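One file, protein.cif, is given below (mmCIF, C-alpha atoms).
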data_my_file
#
loop_
_atom_site.group_PDB
_atom_site.id
_atom_site.type_symbol
_atom_site.label_atom_id
_atom_site.label_comp_id
_atom_site.auth_asym_id
_atom_site.auth_seq_id
_atom_site.Cartn_x
_atom_site.Cartn_y
_atom_site.Cartn_z
ATOM 1 C CA MET K 1 25.530 -74.557 65.932
ATOM 2 C CA THR K 2 21.767 -74.721 66.399
ATOM 3 C CA ASP K 3 19.235 -75.948 63.861
ATOM 4 C CA ASN K 4 15.682 -74.564 63.912
ATOM 5 C CA ALA K 5 13.008 -76.593 62.150
ATOM 6 C CA THR K 6 9.750 -75.336 60.729
ATOM 7 C CA ALA K 7 6.553 -77.180 59.953
ATOM 8 C CA GLY K 8 6.118 -75.585 56.547
ATOM 9 C CA PRO K 9 4.593 -72.382 55.150
ATOM 10 C CA ALA K 10 1.057 -73.075 56.398
ATOM 11 C CA ALA K 11 2.140 -73.663 59.990
ATOM 12 C CA THR K 12 4.464 -70.701 59.776
ATOM 13 C CA ALA K 13 1.690 -68.376 58.659
ATOM 14 C CA ALA K 14 -0.565 -69.634 61.458
ATOM 15 C CA ALA K 15 2.153 -69.013 64.020
ATOM 16 C CA LEU K 16 2.999 -65.487 62.935
ATOM 17 C CA GLY K 17 0.523 -63.949 65.305
ATOM 18 C CA ALA K 18 2.394 -65.512 68.239
ATOM 19 C CA ILE K 19 5.797 -64.185 67.133
ATOM 20 C CA ALA K 20 6.920 -60.968 68.748
ATOM 21 C CA ALA K 21 7.724 -58.053 66.498
ATOM 22 C CA PRO K 22 11.319 -58.393 65.280
ATOM 23 C CA PRO K 23 13.924 -55.757 66.130
ATOM 24 C CA PRO K 24 14.600 -52.864 63.741
ATOM 25 C CA TYR K 25 16.846 -53.918 60.887
ATOM 26 C CA ASP K 26 18.627 -52.686 57.786
ATOM 27 C CA ALA K 27 18.763 -54.613 54.513
ATOM 28 C CA VAL K 28 21.701 -55.212 52.186
ATOM 29 C CA VAL K 29 20.753 -56.599 48.770
ATOM 30 C CA LEU K 30 23.518 -57.898 46.510
ATOM 31 C CA ALA K 31 22.493 -57.299 42.894
ATOM 32 C CA GLY K 32 25.735 -56.899 40.981
ATOM 33 C CA GLY K 33 26.675 -60.445 39.955
ATOM 34 C CA ALA K 34 27.711 -61.418 36.448
ATOM 35 C CA ALA K 35 24.837 -63.929 35.943
ATOM 36 C CA ARG K 36 27.080 -66.217 33.896
ATOM 37 C CA ARG K 37 24.594 -69.082 33.937
ATOM 38 C CA LEU K 38 22.058 -66.708 32.373
ATOM 39 C CA GLY K 39 24.475 -65.796 29.623
ATOM 40 C CA GLY K 40 25.241 -62.450 31.243
ATOM 41 C CA ALA K 41 21.589 -61.344 31.247
ATOM 42 C CA ASP K 42 20.446 -58.580 33.584
ATOM 43 C CA LYS K 43 19.222 -60.993 36.248
ATOM 44 C CA PRO K 44 17.869 -58.434 38.760
ATOM 45 C CA GLY K 45 15.716 -57.016 35.943
ATOM 46 C CA VAL K 46 14.277 -60.355 34.799
ATOM 47 C CA ARG K 47 10.526 -60.290 35.407
ATOM 48 C CA ILE K 48 8.658 -62.966 37.343
ATOM 49 C CA GLY K 49 4.913 -62.388 37.519
ATOM 50 C CA GLY K 50 5.342 -59.025 35.820
ATOM 51 C CA ARG K 51 7.801 -57.703 38.443
ATOM 52 C CA ALA K 52 11.571 -57.485 38.288
ATOM 53 C CA LEU K 53 13.321 -59.941 40.597
ATOM 54 C CA LEU K 54 15.016 -57.065 42.403
ATOM 55 C CA ASP K 55 11.681 -55.324 43.020
ATOM 56 C CA ARG K 56 10.229 -58.530 44.444
ATOM 57 C CA VAL K 57 13.081 -58.701 46.963
ATOM 58 C CA LEU K 58 12.734 -55.000 47.805
ATOM 59 C CA THR K 59 9.041 -55.532 48.548
ATOM 60 C CA ALA K 60 9.922 -58.309 50.995
ATOM 61 C CA CYS K 61 12.290 -56.051 52.953
ATOM 62 C CA ALA K 62 10.121 -52.927 52.820
ATOM 63 C CA ASP K 63 10.133 -52.773 56.637
ATOM 64 C CA ALA K 64 13.898 -52.164 56.743
ATOM 65 C CA ARG K 65 14.991 -48.827 58.179
ATOM 66 C CA THR K 66 17.570 -48.503 55.405
ATOM 67 C CA THR K 67 17.835 -50.654 52.285
ATOM 68 C CA VAL K 68 21.185 -50.699 50.505
ATOM 69 C CA VAL K 69 21.466 -52.269 47.056
ATOM 70 C CA VAL K 70 25.014 -53.090 46.013
ATOM 71 C CA ALA K 71 24.983 -52.649 42.234
ATOM 72 C CA ALA K 72 24.977 -49.978 39.576
ATOM 73 C CA PRO K 73 21.929 -47.714 40.151
ATOM 74 C CA ARG K 74 18.722 -48.497 38.255
ATOM 75 C CA SER K 75 15.040 -47.724 38.473
ATOM 76 C CA THR K 76 13.360 -49.571 41.347
ATOM 77 C CA ALA K 77 9.840 -49.843 42.728
ATOM 78 C CA ARG K 78 10.832 -48.085 45.961
ATOM 79 C CA PRO K 79 13.687 -45.779 46.982
ATOM 80 C CA VAL K 80 16.949 -47.416 48.091
ATOM 81 C CA ARG K 81 20.516 -46.384 48.831
ATOM 82 C CA TRP K 82 23.091 -47.503 46.287
ATOM 83 C CA ALA K 83 26.596 -48.796 46.967
ATOM 84 C CA ARG K 84 29.333 -50.468 44.963
ATOM 85 C CA GLU K 85 32.182 -52.762 45.911
ATOM 86 C CA GLU K 86 35.710 -51.735 44.956
ATOM 87 C CA PRO K 87 36.700 -52.797 42.435
ATOM 88 C CA PRO K 88 33.341 -53.650 40.800
ATOM 89 C CA GLY K 89 33.039 -57.405 40.463
ATOM 90 C CA ALA K 90 35.232 -58.080 43.504
ATOM 91 C CA GLY K 91 32.805 -60.728 44.756
ATOM 92 C CA PRO K 92 30.056 -61.169 47.341
ATOM 93 C CA VAL K 93 32.180 -60.611 50.454
ATOM 94 C CA ALA K 94 33.480 -57.301 49.145
ATOM 95 C CA ALA K 95 29.950 -56.364 48.043
ATOM 96 C CA LEU K 96 28.539 -57.167 51.474
ATOM 97 C CA ALA K 97 31.201 -55.030 53.142
ATOM 98 C CA ALA K 98 30.382 -52.139 50.804
ATOM 99 C CA GLY K 99 26.685 -52.339 51.614
ATOM 100 C CA LEU K 100 27.217 -52.758 55.341
ATOM 101 C CA ARG K 101 29.069 -49.422 55.512
ATOM 102 C CA HIS K 102 25.741 -47.664 54.948
ATOM 103 C CA THR K 103 23.851 -49.463 57.738
ATOM 104 C CA THR K 104 23.375 -48.447 61.351
ATOM 105 C CA ALA K 105 20.934 -50.991 62.806
ATOM 106 C CA ALA K 106 22.153 -53.741 65.118
ATOM 107 C CA HIS K 107 20.657 -56.341 62.781
ATOM 108 C CA ALA K 108 20.882 -56.662 59.013
ATOM 109 C CA VAL K 109 19.191 -58.955 56.538
ATOM 110 C CA VAL K 110 21.481 -59.897 53.672
ATOM 111 C CA LEU K 111 19.749 -60.928 50.465
ATOM 112 C CA SER K 112 20.521 -61.812 46.893
ATOM 113 C CA ALA K 113 18.438 -60.104 44.215
ATOM 114 C CA ASP K 114 17.105 -63.313 42.639
ATOM 115 C CA LEU K 115 14.612 -64.624 45.217
ATOM 116 C CA PRO K 116 11.157 -64.696 43.577
ATOM 117 C CA PHE K 117 9.311 -66.193 46.568
ATOM 118 C CA LEU K 118 10.819 -64.163 49.399
ATOM 119 C CA ARG K 119 8.195 -62.612 51.666
ATOM 120 C CA ALA K 120 8.249 -60.231 54.595
ATOM 121 C CA ASP K 121 7.179 -63.003 56.969
ATOM 122 C CA THR K 122 10.318 -64.947 56.008
ATOM 123 C CA LEU K 123 12.473 -62.077 57.216
ATOM 124 C CA ARG K 124 10.467 -61.850 60.420
ATOM 125 C CA ARG K 125 11.119 -65.536 61.037
ATOM 126 C CA LEU K 126 14.841 -65.112 60.460
ATOM 127 C CA LEU K 127 15.073 -62.119 62.784
ATOM 128 C CA THR K 128 13.066 -63.927 65.437
ATOM 129 C CA ALA K 129 15.282 -67.016 65.166
ATOM 130 C CA LEU K 130 18.355 -64.810 65.428
ATOM 131 C CA GLY K 131 17.076 -63.142 68.580
ATOM 132 C CA GLU K 132 15.984 -66.361 70.262
ATOM 133 C CA SER K 133 19.146 -68.320 69.463
ATOM 134 C CA GLY K 134 21.771 -65.796 70.518
ATOM 135 C CA ALA K 135 23.719 -66.741 67.365
ATOM 136 C CA ASP K 136 25.623 -64.396 65.057
ATOM 137 C CA GLY K 137 23.286 -65.122 62.169
ATOM 138 C CA ALA K 138 20.151 -67.003 61.088
ATOM 139 C CA LEU K 139 19.992 -68.285 57.524
ATOM 140 C CA LEU K 140 17.629 -70.300 55.376
ATOM 141 C CA THR K 141 18.457 -73.746 54.098
ATOM 142 C CA ASP K 142 17.112 -75.004 50.771
ATOM 143 C CA ALA K 143 15.329 -78.203 49.785
ATOM 144 C CA GLU K 144 18.633 -80.136 49.879
ATOM 145 C CA GLY K 145 19.564 -78.736 53.277
ATOM 146 C CA ARG K 146 22.249 -76.417 51.894
ATOM 147 C CA ASP K 147 22.997 -73.131 53.633
ATOM 148 C CA GLN K 148 21.798 -69.977 51.887
ATOM 149 C CA PRO K 149 23.927 -67.167 53.375
ATOM 150 C CA LEU K 150 22.284 -64.611 51.083
ATOM 151 C CA VAL K 151 18.859 -65.223 52.606
ATOM 152 C CA ALA K 152 19.827 -64.478 56.165
ATOM 153 C CA ALA K 153 19.696 -62.131 59.152
ATOM 154 C CA TYR K 154 22.925 -61.239 60.964
ATOM 155 C CA ARG K 155 24.139 -59.196 63.882
ATOM 156 C CA THR K 156 25.956 -56.357 62.176
ATOM 157 C CA ALA K 157 28.662 -56.239 64.864
ATOM 158 C CA ALA K 158 29.538 -59.881 64.143
ATOM 159 C CA LEU K 159 29.657 -59.247 60.388
ATOM 160 C CA ARG K 160 31.901 -56.216 60.797
ATOM 161 C CA ARG K 161 34.209 -58.098 63.172
ATOM 162 C CA GLU K 162 34.731 -61.000 60.768
ATOM 163 C CA LEU K 163 34.961 -58.783 57.672
ATOM 164 C CA ASP K 164 37.743 -56.786 59.354
ATOM 165 C CA ALA K 165 39.529 -60.012 60.278
ATOM 166 C CA LEU K 166 39.280 -61.350 56.726
ATOM 167 C CA ALA K 167 40.493 -58.084 55.205
ATOM 168 C CA ALA K 168 43.510 -58.063 57.520
ATOM 169 C CA ALA K 169 44.339 -61.723 56.830
ATOM 170 C CA HIS K 170 43.987 -61.514 53.044
ATOM 171 C CA ASP K 171 45.034 -57.932 52.353
ATOM 172 C CA GLY K 172 41.490 -57.104 51.263
ATOM 173 C CA LEU K 173 38.251 -58.893 50.460
ATOM 174 C CA THR K 174 38.462 -59.231 46.670
ATOM 175 C CA GLY K 175 37.582 -62.680 45.412
ATOM 176 C CA LEU K 176 36.844 -64.238 48.792
ATOM 177 C CA PRO K 177 33.936 -66.731 48.874
ATOM 178 C CA LEU K 178 31.115 -66.222 51.334
ATOM 179 C CA ARG K 179 31.958 -69.442 53.172
ATOM 180 C CA ARG K 180 35.133 -67.789 54.463
ATOM 181 C CA LEU K 181 32.892 -65.287 56.214
ATOM 182 C CA THR K 182 30.045 -67.528 57.376
ATOM 183 C CA GLY K 183 32.433 -70.246 58.510
ATOM 184 C CA ALA K 184 33.641 -67.944 61.280
ATOM 185 C CA LEU K 185 30.112 -67.143 62.522
ATOM 186 C CA ARG K 186 27.806 -68.979 64.918
ATOM 187 C CA LEU K 187 24.707 -69.684 62.844
ATOM 188 C CA THR K 188 21.197 -70.976 63.378
ATOM 189 C CA ARG K 189 19.337 -72.489 60.453
ATOM 190 C CA VAL K 190 15.714 -72.178 59.316
ATOM 191 C CA PRO K 191 14.641 -74.669 56.627
ATOM 192 C CA ASP K 192 12.484 -73.152 53.900
ATOM 193 C CA PRO K 193 12.730 -74.650 50.388
ATOM 194 C CA HIS K 194 10.174 -72.181 48.985
ATOM 195 C CA ALA K 195 11.587 -68.827 50.120
ATOM 196 C CA SER K 196 15.177 -69.953 49.521
ATOM 197 C CA PHE K 197 14.511 -70.781 45.855
ATOM 198 C CA ASP K 198 16.748 -68.600 43.678
ATOM 199 C CA CYS K 199 16.974 -68.076 39.933
ATOM 200 C CA ASP K 200 20.417 -69.061 38.693
ATOM 201 C CA THR K 201 19.389 -70.497 35.311
ATOM 202 C CA TRP K 202 16.714 -69.925 32.686
ATOM 203 C CA ASP K 203 15.122 -73.208 33.804
ATOM 204 C CA ASP K 204 14.793 -71.718 37.298
ATOM 205 C CA ILE K 205 13.078 -68.661 35.839
ATOM 206 C CA VAL K 206 10.649 -70.774 33.810
ATOM 207 C CA ASN K 207 9.912 -72.814 36.936
ATOM 208 C CA ALA K 208 9.315 -69.691 39.044
ATOM 209 C CA ARG K 209 6.996 -68.183 36.439
ATOM 210 C CA ALA K 210 4.953 -71.383 36.388
ATOM 211 C CA ARG K 211 4.803 -71.727 40.180
ATOM 212 C CA ILE K 212 3.336 -68.280 40.797
ATOM 213 C CA ARG K 213 0.450 -69.147 38.497
ATOM 214 C CA GLU K 214 -0.481 -72.231 40.480
ATOM 215 C CA HIS K 215 -3.953 -72.119 41.990
ATOM 216 C CA GLY K 216 -2.783 -71.572 45.557
ATOM 217 C CA HIS K 217 -0.505 -68.642 44.732
ATOM 218 C CA VAL K 218 -1.843 -66.758 41.731
ATOM 219 C CA LEU K 219 -4.255 -64.407 43.500
ATOM 220 C CA ASP K 220 -1.761 -63.289 46.164
ATOM 221 C CA GLU K 221 0.888 -62.849 43.482
ATOM 222 C CA TRP K 222 -1.435 -60.767 41.314
ATOM 223 C CA ILE K 223 -2.544 -58.519 44.187
ATOM 224 C CA SER K 224 1.081 -57.945 45.223
ATOM 225 C CA ALA K 225 2.027 -57.106 41.642
ATOM 226 C CA VAL K 226 -0.846 -54.640 41.239
ATOM 227 C CA LYS K 227 -0.030 -52.898 44.531
ATOM 228 C CA ASP K 228 3.600 -52.536 43.475
ATOM 229 C CA GLU K 229 2.637 -51.257 40.046
ATOM 230 C CA LEU K 230 0.243 -48.659 41.486
ATOM 231 C CA GLY K 231 2.458 -47.695 44.400
ATOM 232 C CA ILE K 232 -0.088 -48.856 46.973
ATOM 233 C CA ASP K 233 1.125 -49.900 50.413
ATOM 234 C CA LEU K 234 -2.129 -51.145 51.891
ATOM 235 C CA ASP K 235 -2.983 -54.531 53.384
ATOM 236 C CA VAL K 236 -6.671 -55.361 53.090
ATOM 237 C CA ASP K 237 -8.690 -58.530 53.532
ATOM 238 C CA THR K 238 -9.007 -59.724 49.943
ATOM 239 C CA ASN K 239 -11.637 -62.269 51.006
ATOM 240 C CA VAL K 240 -13.929 -59.383 51.946
ATOM 241 C CA LEU K 241 -13.567 -57.872 48.479
ATOM 242 C CA LEU K 242 -14.040 -61.248 46.776
ATOM 243 C CA ASP K 243 -17.198 -61.867 48.791
ATOM 244 C CA LEU K 244 -18.451 -58.409 47.841
ATOM 245 C CA ALA K 245 -17.771 -59.050 44.148
ATOM 246 C CA ARG K 246 -19.652 -62.346 44.363
ATOM 247 C CA ASP K 247 -22.610 -60.719 46.107
ATOM 248 C CA ALA K 248 -22.770 -57.908 43.558
ATOM 249 C CA ALA K 249 -22.581 -60.327 40.631
ATOM 250 C CA HIS K 250 -25.239 -62.597 42.090
ATOM 251 C CA GLY K 251 -27.615 -60.028 43.532
ATOM 252 C CA VAL K 252 -27.396 -57.357 40.828
ATOM 253 C CA ALA K 253 -25.622 -58.329 37.590
ATOM 254 C CA ARG K 254 -22.287 -59.779 36.593
ATOM 255 C CA PRO K 255 -20.708 -56.453 35.495
ATOM 256 C CA ALA K 256 -21.584 -54.999 38.899
ATOM 257 C CA ALA K 257 -18.757 -56.979 40.531
ATOM 258 C CA PRO K 258 -15.724 -55.036 39.220
ATOM 259 C CA LEU K 259 -17.571 -51.725 39.250
ATOM 260 C CA THR K 260 -18.631 -52.167 42.873
ATOM 261 C CA THR K 261 -15.156 -53.072 44.104
ATOM 262 C CA PHE K 262 -13.756 -50.053 42.241
ATOM 263 C CA LEU K 263 -16.277 -47.755 43.913
ATOM 264 C CA VAL K 264 -15.454 -49.258 47.318
ATOM 265 C CA GLY K 265 -11.793 -48.468 46.780
ATOM 266 C CA TYR K 266 -12.612 -44.952 45.647
ATOM 267 C CA ALA K 267 -14.819 -44.360 48.665
ATOM 268 C CA ALA K 268 -12.144 -45.653 51.029
ATOM 269 C CA ALA K 269 -9.529 -43.407 49.432
ATOM 270 C CA ARG K 270 -11.758 -40.348 49.921
ATOM 271 C CA GLY K 271 -12.163 -41.231 53.583
ATOM 272 C CA GLU K 272 -9.521 -42.499 55.977
ATOM 273 C CA GLY K 273 -7.890 -44.578 53.258
ATOM 274 C CA GLY K 274 -6.772 -47.443 55.506
ATOM 275 C CA PRO K 275 -7.816 -51.118 55.717
ATOM 276 C CA GLU K 276 -10.641 -50.212 58.118
ATOM 277 C CA ALA K 277 -12.076 -47.747 55.588
ATOM 278 C CA VAL K 278 -12.023 -50.415 52.886
ATOM 279 C CA ALA K 279 -13.743 -52.911 55.183
ATOM 280 C CA GLU K 280 -16.453 -50.414 56.149
ATOM 281 C CA ALA K 281 -17.130 -49.415 52.533
ATOM 282 C CA ALA K 282 -17.256 -53.087 51.545
ATOM 283 C CA ARG K 283 -19.715 -53.802 54.373
ATOM 284 C CA LYS K 284 -22.061 -51.053 53.191
ATOM 285 C CA ALA K 285 -21.890 -52.155 49.565
ATOM 286 C CA ALA K 286 -22.459 -55.808 50.495
ATOM 287 C CA ALA K 287 -25.527 -54.840 52.525
ATOM 288 C CA LEU K 288 -26.855 -52.901 49.538
ATOM 289 C CA ALA K 289 -26.311 -55.902 47.238
ATOM 290 C CA LEU K 290 -28.181 -58.076 49.728
ATOM 291 C CA ARG K 291 -31.134 -55.661 49.706
ATOM 292 C CA TRP K 292 -31.179 -55.811 45.911
ATOM 293 C CA GLU K 293 -31.206 -59.607 46.030
ATOM 294 C CA GLU K 294 -34.036 -59.611 48.566
ATOM 295 C CA GLU K 295 -36.140 -57.368 46.338
ATOM 296 C CA VAL K 296 -35.579 -59.703 43.398
ATOM 297 C CA ALA K 297 -36.630 -62.666 45.530
ATOM 298 C CA GLU K 298 -39.752 -60.838 46.676
ATOM 299 C CA ALA K 299 -40.609 -59.941 43.082
ATOM 300 C CA GLY K 300 -40.225 -63.560 42.052
ATOM 301 C CA GLU K 301 -42.539 -64.740 44.803
ATOM 302 C CA SER K 302 -45.197 -62.243 43.725
ATOM 303 C CA GLY K 303 -44.908 -63.098 40.069
ATOM 304 C CA GLY K 304 -43.020 -59.929 39.130
ATOM 305 C CA PRO K 305 -40.304 -59.617 36.496
ATOM 306 C CA SER K 306 -37.385 -62.056 36.636
ATOM 307 C CA ALA K 307 -33.975 -61.223 38.070
ATOM 308 C CA PRO K 308 -31.290 -59.656 35.858
ATOM 309 C CA ASP K 309 -28.578 -61.873 34.446
ATOM 310 C CA ALA K 310 -26.247 -62.398 37.393
ATOM 311 C CA GLY K 311 -24.418 -65.428 36.077
#

For the file at hand, write its structure as structure tokens.
Amino acid sequence: MTDNATAGPAATAAALGAIAAPPPYDAVVLAGGAARRLGGADKPGVRIGGRALLDRVLTACADARTTVVVAAPRSTARPVRWAREEPPGAGPVAALAAGLRHTTAAHAVVLSADLPFLRADTLRRLLTALGESGADGALLTDAEGRDQPLVAAYRTAALRRELDALAAAHDGLTGLPLRRLTGALRLTRVPDPHASFDCDTWDDIVNARARIREHGHVLDEWISAVKDELGIDLDVDTNVLLDLARDAAHGVARPAAPLTTFLVGYAAARGEGGPEAVAEAARKAAALALRWEEEVAEAGESGGPSAPDAG
């Protein structure tokens, strides 16, 4: 077995540009557990940062060619294919086999539905580690170094091979623990205590809700939540928009900040609608705000009226 170390989320983000694009993949999300430690609550529907846990996971694997959710169908933020293990409640190995039947890609990410901090870059790291290692699977390990087989990328041929072997040896897959499956696979490990955090208890949920409101995370979390809520799949440089809002507030008036950013978005949508259109509209608006500020400065130097309240 091979162990891959990481230098933490900051170093990972900095290195993403050097990582080759991962191979095409399908996603299998297991969302049908009993949630006994939550008193039988609907865990995939529990909201963290205003979004259901399941929707947060589906956002992370939005690049998948096919996403299969193994559970009873429900409303989700994006379309998925539904599957169900037989009999319902037969356990994670049976659920994985049921979901895998609907996949065709050579690689599959296998995820639980209770991962509030899972991001797309985590899946890219797993797929890259899988490709570079030559292993059957690449999985995250948590803060205590424990394997997390439901935050992992696998070669689908290896999964199917071992699932068939288990079914033949045990006259089916009902009730089998995941370690019976992963124990037969060659695995590489990627430590990540943040992305591997899952919500098994109400204390975990309280902790997750508090962590996303920490200073370093709250803005990204809010933007992701708004995009999901509005059905927007657009990556833009939020720093550009924040700088524009600051310039409008300072150079014109405080209420100009939200109104200006709204108009920039509207203008971009009427045009090409992509990140470049947003950046160009923001550039024009920022230049206009600067001209307003210059006029105020000139008026002040000549003894004209004072600037409007800009905060």

Handout entry: Surrounding residues of range 283-289 of chain K excluding itself and chain neighbours under 2 positions, 12 Å, all atoms listed in the file, as a ChimeraX atom specification
Key = /K:240-253,256-257,259-265,267-268,276-281,291-296,310

Handout entry: Shortest interatomic distance to Ala90 in chain K - which of K:Thr174, K:Thr182, K:Thr104, K:Thr59, counting all atoms listed in the file
Key =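 When distances to Ala90 in chain K are compared using all atoms listed in the file, the smallest one comes from K:Thr174.
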
Practice task
Kindly indicate which residue among K:Ser112, K:Gly49, K:Glu298, K:Ile232 lies nearest to Ala269 in chain K, using only C-alpha atoms for the distances.
Solution key: K:Ile232

Tell me, as a PDB file with C-alpha atoms, in the frame of the given file, which residues lie within 12 Å of Leu100 in chain K, counting all atoms listed in the file; anything in the same chain fewer than 3 positions away does not count.
ATOM      1  CA  TYR K  25      16.846 -53.918  60.887  1.00  0.00           C
ATOM      2  CA  ASP K  26      18.627 -52.686  57.786  1.00  0.00           C
ATOM      3  CA  ALA K  27      18.763 -54.613  54.513  1.00  0.00           C
ATOM      4  CA  VAL K  28      21.701 -55.212  52.186  1.00  0.00           C
ATOM      5  CA  VAL K  29      20.753 -56.599  48.770  1.00  0.00           C
ATOM      6  CA  LEU K  30      23.518 -57.898  46.510  1.00  0.00           C
ATOM      7  CA  THR K  66      17.570 -48.503  55.405  1.00  0.00           C
ATOM      8  CA  THR K  67      17.835 -50.654  52.285  1.00  0.00           C
ATOM      9  CA  VAL K  68      21.185 -50.699  50.505  1.00  0.00           C
ATOM     10  CA  VAL K  69      21.466 -52.269  47.056  1.00  0.00           C
ATOM     11  CA  VAL K  70      25.014 -53.090  46.013  1.00  0.00           C
ATOM     12  CA  ARG K  81      20.516 -46.384  48.831  1.00  0.00           C
ATOM     13  CA  TRP K  82      23.091 -47.503  46.287  1.00  0.00           C
ATOM     14  CA  ALA K  83      26.596 -48.796  46.967  1.00  0.00           C
ATOM     15  CA  ARG K  84      29.333 -50.468  44.963  1.00  0.00           C
ATOM     16  CA  GLU K  85      32.182 -52.762  45.911  1.00  0.00           C
ATOM     17  CA  PRO K  92      30.056 -61.169  47.341  1.00  0.00           C
ATOM     18  CA  VAL K  93      32.180 -60.611  50.454  1.00  0.00           C
ATOM     19  CA  ALA K  94      33.480 -57.301  49.145  1.00  0.00           C
ATOM     20  CA  ALA K  95      29.950 -56.364  48.043  1.00  0.00           C
ATOM     21  CA  LEU K  96      28.539 -57.167  51.474  1.00  0.00           C
ATOM     22  CA  ALA K  97      31.201 -55.030  53.142  1.00  0.00           C
ATOM     23  CA  THR K 103      23.851 -49.463  57.738  1.00  0.00           C
ATOM     24  CA  THR K 104      23.375 -48.447  61.351  1.00  0.00           C
ATOM     25  CA  ALA K 105      20.934 -50.991  62.806  1.00  0.00           C
ATOM     26  CA  ALA K 106      22.153 -53.741  65.118  1.00  0.00           C
ATOM     27  CA  HIS K 107      20.657 -56.341  62.781  1.00  0.00           C
ATOM     28  CA  ALA K 108      20.882 -56.662  59.013  1.00  0.00           C
ATOM     29  CA  VAL K 109      19.191 -58.955  56.538  1.00  0.00           C
ATOM     30  CA  VAL K 110      21.481 -59.897  53.672  1.00  0.00           C
ATOM     31  CA  TYR K 154      22.925 -61.239  60.964  1.00  0.00           C
ATOM     32  CA  ARG K 155      24.139 -59.196  63.882  1.00  0.00           C
ATOM     33  CA  THR K 156      25.956 -56.357  62.176  1.00  0.00           C
ATOM     34  CA  ALA K 157      28.662 -56.239  64.864  1.00  0.00           C
ATOM     35  CA  ALA K 158      29.538 -59.881  64.143  1.00  0.00           C
ATOM     36  CA  LEU K 159      29.657 -59.247  60.388  1.00  0.00           C
ATOM     37  CA  ARG K 160      31.901 -56.216  60.797  1.00  0.00           C
ATOM     38  CA  ARG K 161      34.209 -58.098  63.172  1.00  0.00           C
ATOM     39  CA  LEU K 163      34.961 -58.783  57.672  1.00  0.00           C
ATOM     40  CA  ASP K 164      37.743 -56.786  59.354  1.00  0.00           C
TER      41      ASP K 164
END

Do you know which residues are at most 12 Å from Asp42 in chain K counting all atoms listed in the file, after dropping those on the same chain fewer than 2 positions away, and could you put them as a tab-separated table (two decimals) with C-alpha atoms, in the frame of the given file?
chain	number	residue	atom	x	y	z
K	31	ALA	CA	22.49	-57.30	42.89
K	32	GLY	CA	25.74	-56.90	40.98
K	33	GLY	CA	26.68	-60.44	39.96
K	34	ALA	CA	27.71	-61.42	36.45
K	35	ALA	CA	24.84	-63.93	35.94
K	36	ARG	CA	27.08	-66.22	33.90
K	37	ARG	CA	24.59	-69.08	33.94
K	38	LEU	CA	22.06	-66.71	32.37
K	39	GLY	CA	24.48	-65.80	29.62
K	40	GLY	CA	25.24	-62.45	31.24
K	44	PRO	CA	17.87	-58.43	38.76
K	45	GLY	CA	15.72	-57.02	35.94
K	46	VAL	CA	14.28	-60.36	34.80
K	47	ARG	CA	10.53	-60.29	35.41
K	52	ALA	CA	11.57	-57.48	38.29
K	53	LEU	CA	13.32	-59.94	40.60
K	54	LEU	CA	15.02	-57.06	42.40
K	71	ALA	CA	24.98	-52.65	42.23
K	72	ALA	CA	24.98	-49.98	39.58
K	74	ARG	CA	18.72	-48.50	38.26
K	113	ALA	CA	18.44	-60.10	44.22
K	114	ASP	CA	17.10	-63.31	42.64
K	199	CYS	CA	16.97	-68.08	39.93
K	200	ASP	CA	20.42	-69.06	38.69
K	202	TRP	CA	16.71	-69.92	32.69

Fill in the blank from the handout: Shortest contact to Ala184 in chain K, candidates K:Asp233, K:Pro88, K:His170, K:Ala135, atoms counted all atoms listed in the file, goes to K:Ala135

Practice task
Identify all residues satisfying the PyMOL selection byres ((chain K and resi 197) around 9) in the given file; provide them as a list in words.
Solution key: Asp114, Leu115, Pro116, Phe117, Leu118, Asp142, Ala143, Asp192, Pro193, His194, Ala195, Ser196, Asp198, Cys199, Asp204 and Ala208 of chain K

Practice task
Run through the PyMOL selection byres ((chain K and resi 123) around 9) on the given coordinates and return the selected residues as a ChimeraX atom specification.
Solution key: /K:22,60-61,109,118-122,124-128,151-153

Exercise for the section: Have a look at K:Leu219, K:Thr76, K:Arg186, K:Arg101 and name the one nearest to Arg51 in chain K; count all atoms listed in the file. Expected result: K:Thr76

Practice task
Please evaluate the PyMOL selection byres ((chain K and resi 236) around 8) against the structure above and give the resulting residues as a VMD selection string.
Solution key: chain K and resid 234 to 235 237 to 238 275 278 to 279

Expected file contents, prior selection, C-alpha atoms, as a tab-separated table (two decimals), in the frame of the given file:
chain	number	residue	atom	x	y	z
K	234	LEU	CA	-2.13	-51.14	51.89
K	235	ASP	CA	-2.98	-54.53	53.38
K	237	ASP	CA	-8.69	-58.53	53.53
K	238	THR	CA	-9.01	-59.72	49.94
K	275	PRO	CA	-7.82	-51.12	55.72
K	278	VAL	CA	-12.02	-50.42	52.89
K	279	ALA	CA	-13.74	-52.91	55.18

Practice task
Give me, please, the distance in Å between CA of Leu290 in chain K and CA of Arg254 in chain K, quoted to one decimal.
Solution key: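 That distance, rounded to one decimal, is 14.5 Å.
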
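Taking CA of Gly89 in chain K as the reference point, CA of Gln148 in chain K is found at 20.4 Å.
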
Completion exercise
Here CA of Asp228 in chain K and CA of Asp55 in chain K stand apart by 8.6 Å

Problem - Of the listed residues K:Ile205, K:Ala168, K:Gly273, K:Ala77, that which approaches Lys227 in chain K most closely, counting all atoms listed in the file - result: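 Of the candidates, the smallest distance to Lys227 in chain K is held by K:Ala77.
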
Contacts of Val206 in chain K within 9 Å, only C-alpha atoms, excl. fewer than 5 positions in-chain, as a PDB file with C-alpha atoms, keeping the file's coordinate frame:
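And here is the file that came out, around-v9.pdb:
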ATOM      1  CA  ILE K  48       8.658 -62.966  37.343  1.00  0.00           C
ATOM      2  CA  THR K 201      19.389 -70.497  35.311  1.00  0.00           C
ATOM      3  CA  ARG K 211       4.803 -71.727  40.180  1.00  0.00           C
TER       4      ARG K 211
END
